[in-house]
Amino acid sequence: QMRSCFLEIQEKLNSLGANLNLDDYIKDSSMFSSDAAWFARSIDCQNLMAKRGVIFGDATHAAALTKILVEEMDVKIVLAGTYCTQTGLAEWFRKEVGHLVDEVLISSDPADLAGRAAEIEPDAIFGTQIERQLGAELRIPTGVISSPTHLRNARISLRPLFGYEGTNQISDLIYNSFTLGMEDHLLEMFGGHDTKEAITKALSADDDLEWTQSGLEELYSVPGFVRGKVKRNTEKFAREQGIREITAEVMYKAKEAVGA
């Protein structure tokens, strides 16, 4: 797609009288500037195949990343959305990504996306700083791709998202977002902030459930990077079955119910 983009630029400029030939630039950049081709063949990229993602942001950023993830990395985007609700932009966004995703969300209310993300439970969320906060609450890895952003996303160093160097930056963002949180088990092994107590308190949205000691002990034995998802699935199972107290036995039944 990058090659096609530059060739289209070349064609348009030459139609205006320019004498531009970008063949050498495209060849050199593909070989020496961009590592995207190497990354696409790596086991790290292949491990992203069949992952499930949610994307939300301004129309152009969200549409572009959706195309990269679906068409070039074989990531399944279950929902792509934008807060650009203006008629022209909303229609353009639907046209660009509607055939690539399961669901399109056009809304300026962050609560709409929060509700869907909690139901979908994707492997990663790409969005604004608001979605970063949502990801933290749901314990879902999140990458910021669109404004509004946080100061932490305003780097001093040059980090272009266009051109061949931009492909490296985008690859880093995608890979790091999907793998963020995998280090929790190392923190628990070698010391660091304790995520066990935090997760049992932060993820229970309602007061209708009570975790027993045996249930908590079983939950603590789950690796940190999947503990949040296991807890949500167990609580969902308990509510569906009308169970108020979650024991280790309930966790086993919930696991069997989802075929894990």
# chains A, B, ... in the order shown; residues from 1 in each chain; ligands from 1
>>> residues_around(residues="range 1-5 of chain A", least_positions_apart="5", cutoff="12 Å", atoms="only C-alpha atoms", output="list in words")
Gln10, Glu11, Lys12, Leu22, Asp23, Asp24, Tyr25, Ile26, Lys27, Asp28, Ser29, Ser30, Ser34, Ala36, Ala37, Ala64, Lys67, Ile68, Glu71, Glu72, Leu161, Phe162, Gly163, Tyr164, Glu165, Gly166 and Thr167 of chain A
>>> write_last_selection(atoms="C-alpha atoms", output="short mmCIF file (atom, residue, chain, number, x, y, z; two decimals), in the first residue's frame")
data_model
loop_
_atom_site.label_atom_id
_atom_site.label_comp_id
_atom_site.auth_asym_id
_atom_site.auth_seq_id
_atom_site.Cartn_x
_atom_site.Cartn_y
_atom_site.Cartn_z
CA GLN A 10 4.23 10.43 -8.64
CA GLU A 11 1.54 10.04 -11.29
CA LYS A 12 -0.41 13.08 -10.11
CA LEU A 22 10.38 7.49 -7.24
CA ASP A 23 11.42 3.96 -8.18
CA ASP A 24 14.87 4.17 -6.54
CA TYR A 25 13.41 5.84 -3.44
CA ILE A 26 10.76 3.13 -3.07
CA LYS A 27 13.32 0.36 -3.55
CA ASP A 28 15.87 1.80 -1.10
CA SER A 29 13.23 2.64 1.51
CA SER A 30 11.68 -0.82 1.29
CA SER A 34 11.29 0.08 6.73
CA ALA A 36 7.66 -3.74 8.09
CA ALA A 37 8.29 -6.49 5.52
CA ALA A 64 -6.38 3.87 8.34
CA LYS A 67 -7.18 -1.22 7.05
CA ILE A 68 -3.64 -1.94 8.26
CA GLU A 71 -5.64 -6.20 5.32
CA GLU A 72 -1.96 -6.43 6.27
CA LEU A 161 3.30 7.84 11.15
CA PHE A 162 3.62 8.40 7.41
CA GLY A 163 6.11 7.06 4.92
CA TYR A 164 8.38 4.07 5.27
CA GLU A 165 9.66 5.05 8.71
CA GLY A 166 6.05 5.47 9.71
CA THR A 167 5.45 1.77 9.03
#
>>> residues_around(residues="Phe237 in chain A", least_positions_apart="5", cutoff="10 Å", atoms="only C-alpha atoms", output="ChimeraX atom specification")
/A:231-232,242-243,246,250-251,253-255,257-258
>>> write_last_selection(atoms="N, CA and C atoms", output="PDB file, in the first residue's frame")
ATOM      1  N   LYS A 231     -11.853 -13.345  35.364  1.00  0.00           N
ATOM      2  CA  LYS A 231     -12.752 -12.831  36.399  1.00  0.00           C
ATOM      3  C   LYS A 231     -14.070 -12.350  35.797  1.00  0.00           C
ATOM      4  N   ARG A 232     -13.994 -11.636  34.676  1.00  0.00           N
ATOM      5  CA  ARG A 232     -15.217 -11.148  34.036  1.00  0.00           C
ATOM      6  C   ARG A 232     -16.076 -12.307  33.546  1.00  0.00           C
ATOM      7  N   GLY A 242     -27.591 -17.286  38.375  1.00  0.00           N
ATOM      8  CA  GLY A 242     -28.210 -16.850  39.619  1.00  0.00           C
ATOM      9  C   GLY A 242     -27.384 -17.187  40.854  1.00  0.00           C
ATOM     10  N   ILE A 243     -26.073 -17.239  40.684  1.00  0.00           N
ATOM     11  CA  ILE A 243     -25.162 -17.557  41.798  1.00  0.00           C
ATOM     12  C   ILE A 243     -24.622 -16.268  42.388  1.00  0.00           C
ATOM     13  N   ILE A 246     -19.107 -16.664  44.645  1.00  0.00           N
ATOM     14  CA  ILE A 246     -18.212 -17.289  43.685  1.00  0.00           C
ATOM     15  C   ILE A 246     -17.129 -18.061  44.436  1.00  0.00           C
ATOM     16  N   VAL A 250     -17.315 -22.766  41.396  1.00  0.00           N
ATOM     17  CA  VAL A 250     -18.013 -21.941  40.408  1.00  0.00           C
ATOM     18  C   VAL A 250     -17.057 -21.564  39.282  1.00  0.00           C
ATOM     19  N   MET A 251     -15.807 -21.273  39.631  1.00  0.00           N
ATOM     20  CA  MET A 251     -14.823 -20.941  38.605  1.00  0.00           C
ATOM     21  C   MET A 251     -14.605 -22.109  37.657  1.00  0.00           C
ATOM     22  N   LYS A 253     -16.739 -24.452  36.903  1.00  0.00           N
ATOM     23  CA  LYS A 253     -17.938 -24.591  36.074  1.00  0.00           C
ATOM     24  C   LYS A 253     -17.962 -23.520  34.981  1.00  0.00           C
ATOM     25  N   ALA A 254     -17.555 -22.297  35.351  1.00  0.00           N
ATOM     26  CA  ALA A 254     -17.515 -21.211  34.366  1.00  0.00           C
ATOM     27  C   ALA A 254     -16.509 -21.529  33.266  1.00  0.00           C
ATOM     28  N   LYS A 255     -15.382 -22.114  33.659  1.00  0.00           N
ATOM     29  CA  LYS A 255     -14.359 -22.490  32.690  1.00  0.00           C
ATOM     30  C   LYS A 255     -14.890 -23.538  31.723  1.00  0.00           C
ATOM     31  N   ALA A 257     -17.984 -23.957  30.954  1.00  0.00           N
ATOM     32  CA  ALA A 257     -19.057 -23.367  30.165  1.00  0.00           C
ATOM     33  C   ALA A 257     -18.538 -22.643  28.917  1.00  0.00           C
ATOM     34  N   VAL A 258     -17.353 -22.035  29.042  1.00  0.00           N
ATOM     35  CA  VAL A 258     -16.799 -21.306  27.893  1.00  0.00           C
ATOM     36  C   VAL A 258     -15.868 -22.192  27.079  1.00  0.00           C
TER      37      VAL A 258
END
>>> residues_around(residues="range 111-114 of chain A", least_positions_apart="5", cutoff="9 Å", atoms="only C-alpha atoms", output="NGL selection string")
:A and (56 or 81 or 105 or 119 or 131 or 134)
>>> atom_distance(atom1="CA of Gln46 in chain A", atom2="CA of Thr66 in chain A")
17.3 Å
>>> residues_around(residues="Thr87 in chain A", least_positions_apart="6", cutoff="12 Å", atoms="only C-alpha atoms", output="list in words")
Ala59, Phe93, Arg94, Ile106 and Ser107 of chain A
>>> write_last_selection(atoms="all heavy atoms", output="tab-separated table (two decimals), in the first residue's frame")
chain	number	residue	atom	x	y	z
A	59	ALA	N	-12.01	10.04	12.37
A	59	ALA	CA	-12.38	9.20	11.24
A	59	ALA	C	-11.18	8.71	10.44
A	59	ALA	O	-11.09	7.52	10.11
A	59	ALA	CB	-13.34	9.96	10.32
A	93	PHE	N	-16.66	7.28	6.67
A	93	PHE	CA	-16.09	6.26	7.55
A	93	PHE	C	-16.77	4.91	7.34
A	93	PHE	O	-16.11	3.88	7.23
A	93	PHE	CB	-16.23	6.70	9.01
A	93	PHE	CG	-15.56	5.78	9.99
A	93	PHE	CD1	-14.18	5.84	10.18
A	93	PHE	CD2	-16.29	4.86	10.72
A	93	PHE	CE1	-13.55	4.99	11.07
A	93	PHE	CE2	-15.67	4.01	11.62
A	93	PHE	CZ	-14.30	4.08	11.80
A	94	ARG	N	-18.08	4.92	7.27
A	94	ARG	CA	-18.81	3.67	7.04
A	94	ARG	C	-18.39	3.03	5.71
A	94	ARG	O	-18.22	1.80	5.62
A	94	ARG	CB	-20.31	3.93	7.03
A	94	ARG	CG	-20.91	4.24	8.40
A	94	ARG	CD	-22.42	4.35	8.30
A	94	ARG	NE	-23.00	4.78	9.56
A	94	ARG	CZ	-23.27	3.96	10.57
A	94	ARG	NH1	-22.99	2.66	10.45
A	94	ARG	NH2	-23.80	4.42	11.68
A	106	ILE	N	-20.74	4.99	15.30
A	106	ILE	CA	-20.59	6.43	15.12
A	106	ILE	C	-21.22	7.10	16.33
A	106	ILE	O	-22.45	7.11	16.47
A	106	ILE	CB	-21.28	6.94	13.83
A	106	ILE	CG1	-20.89	6.08	12.63
A	106	ILE	CG2	-20.96	8.40	13.60
A	106	ILE	CD1	-19.45	6.20	12.22
A	107	SER	N	-20.41	7.65	17.21
A	107	SER	CA	-20.94	8.24	18.44
A	107	SER	C	-19.93	9.18	19.07
A	107	SER	O	-18.73	8.92	19.06
A	107	SER	CB	-21.32	7.15	19.44
A	107	SER	OG	-21.75	7.72	20.67
>>> residues_around(residues="Thr212 in chain A", least_positions_apart="4", cutoff="7 Å", atoms="only C-alpha atoms", output="list in words")
Leu216, Glu245, Ile246 and Thr247 of chain A
>>> write_last_selection(atoms="N, CA, C and O atoms", output="tab-separated table (two decimals), in the first residue's frame")
chain	number	residue	atom	x	y	z
A	216	LEU	N	-11.12	-16.62	45.49
A	216	LEU	CA	-10.02	-15.68	45.33
A	216	LEU	C	-8.69	-16.39	45.16
A	216	LEU	O	-7.85	-15.99	44.36
A	245	GLU	N	-22.46	-16.24	45.41
A	245	GLU	CA	-21.13	-16.46	45.96
A	245	GLU	C	-20.26	-17.22	44.95
A	245	GLU	O	-20.66	-18.28	44.46
A	246	ILE	N	-19.11	-16.66	44.65
A	246	ILE	CA	-18.21	-17.29	43.68
A	246	ILE	C	-17.13	-18.06	44.44
A	246	ILE	O	-16.28	-17.48	45.11
A	247	THR	N	-17.18	-19.36	44.30
A	247	THR	CA	-16.21	-20.25	44.91
A	247	THR	C	-15.29	-20.81	43.83
A	247	THR	O	-15.50	-20.55	42.63
>>> closest_residue(among="A:Arg227, A:His99, A:His61, A:Arg52", to="Lys76 in chain A", atoms="only C-alpha atoms")
A:Arg52
>>> atom_distance(atom1="CA of Thr179 in chain A", atom2="CA of Ala124 in chain A")
8.7 Å
>>> closest_residue(among="A:Asn168, A:Ser15, A:Arg139, A:Ala238", to="Phe32 in chain A", atoms="only C-alpha atoms")
A:Asn168
>>> select_by_dssp(residues="range 22-151 of chain A", states="helix (DSSP H, G or I)", output="PyMOL selection string")
chain A and resi 23-33+36-41+43-46+59-73+87-97+110-120+129-138+151
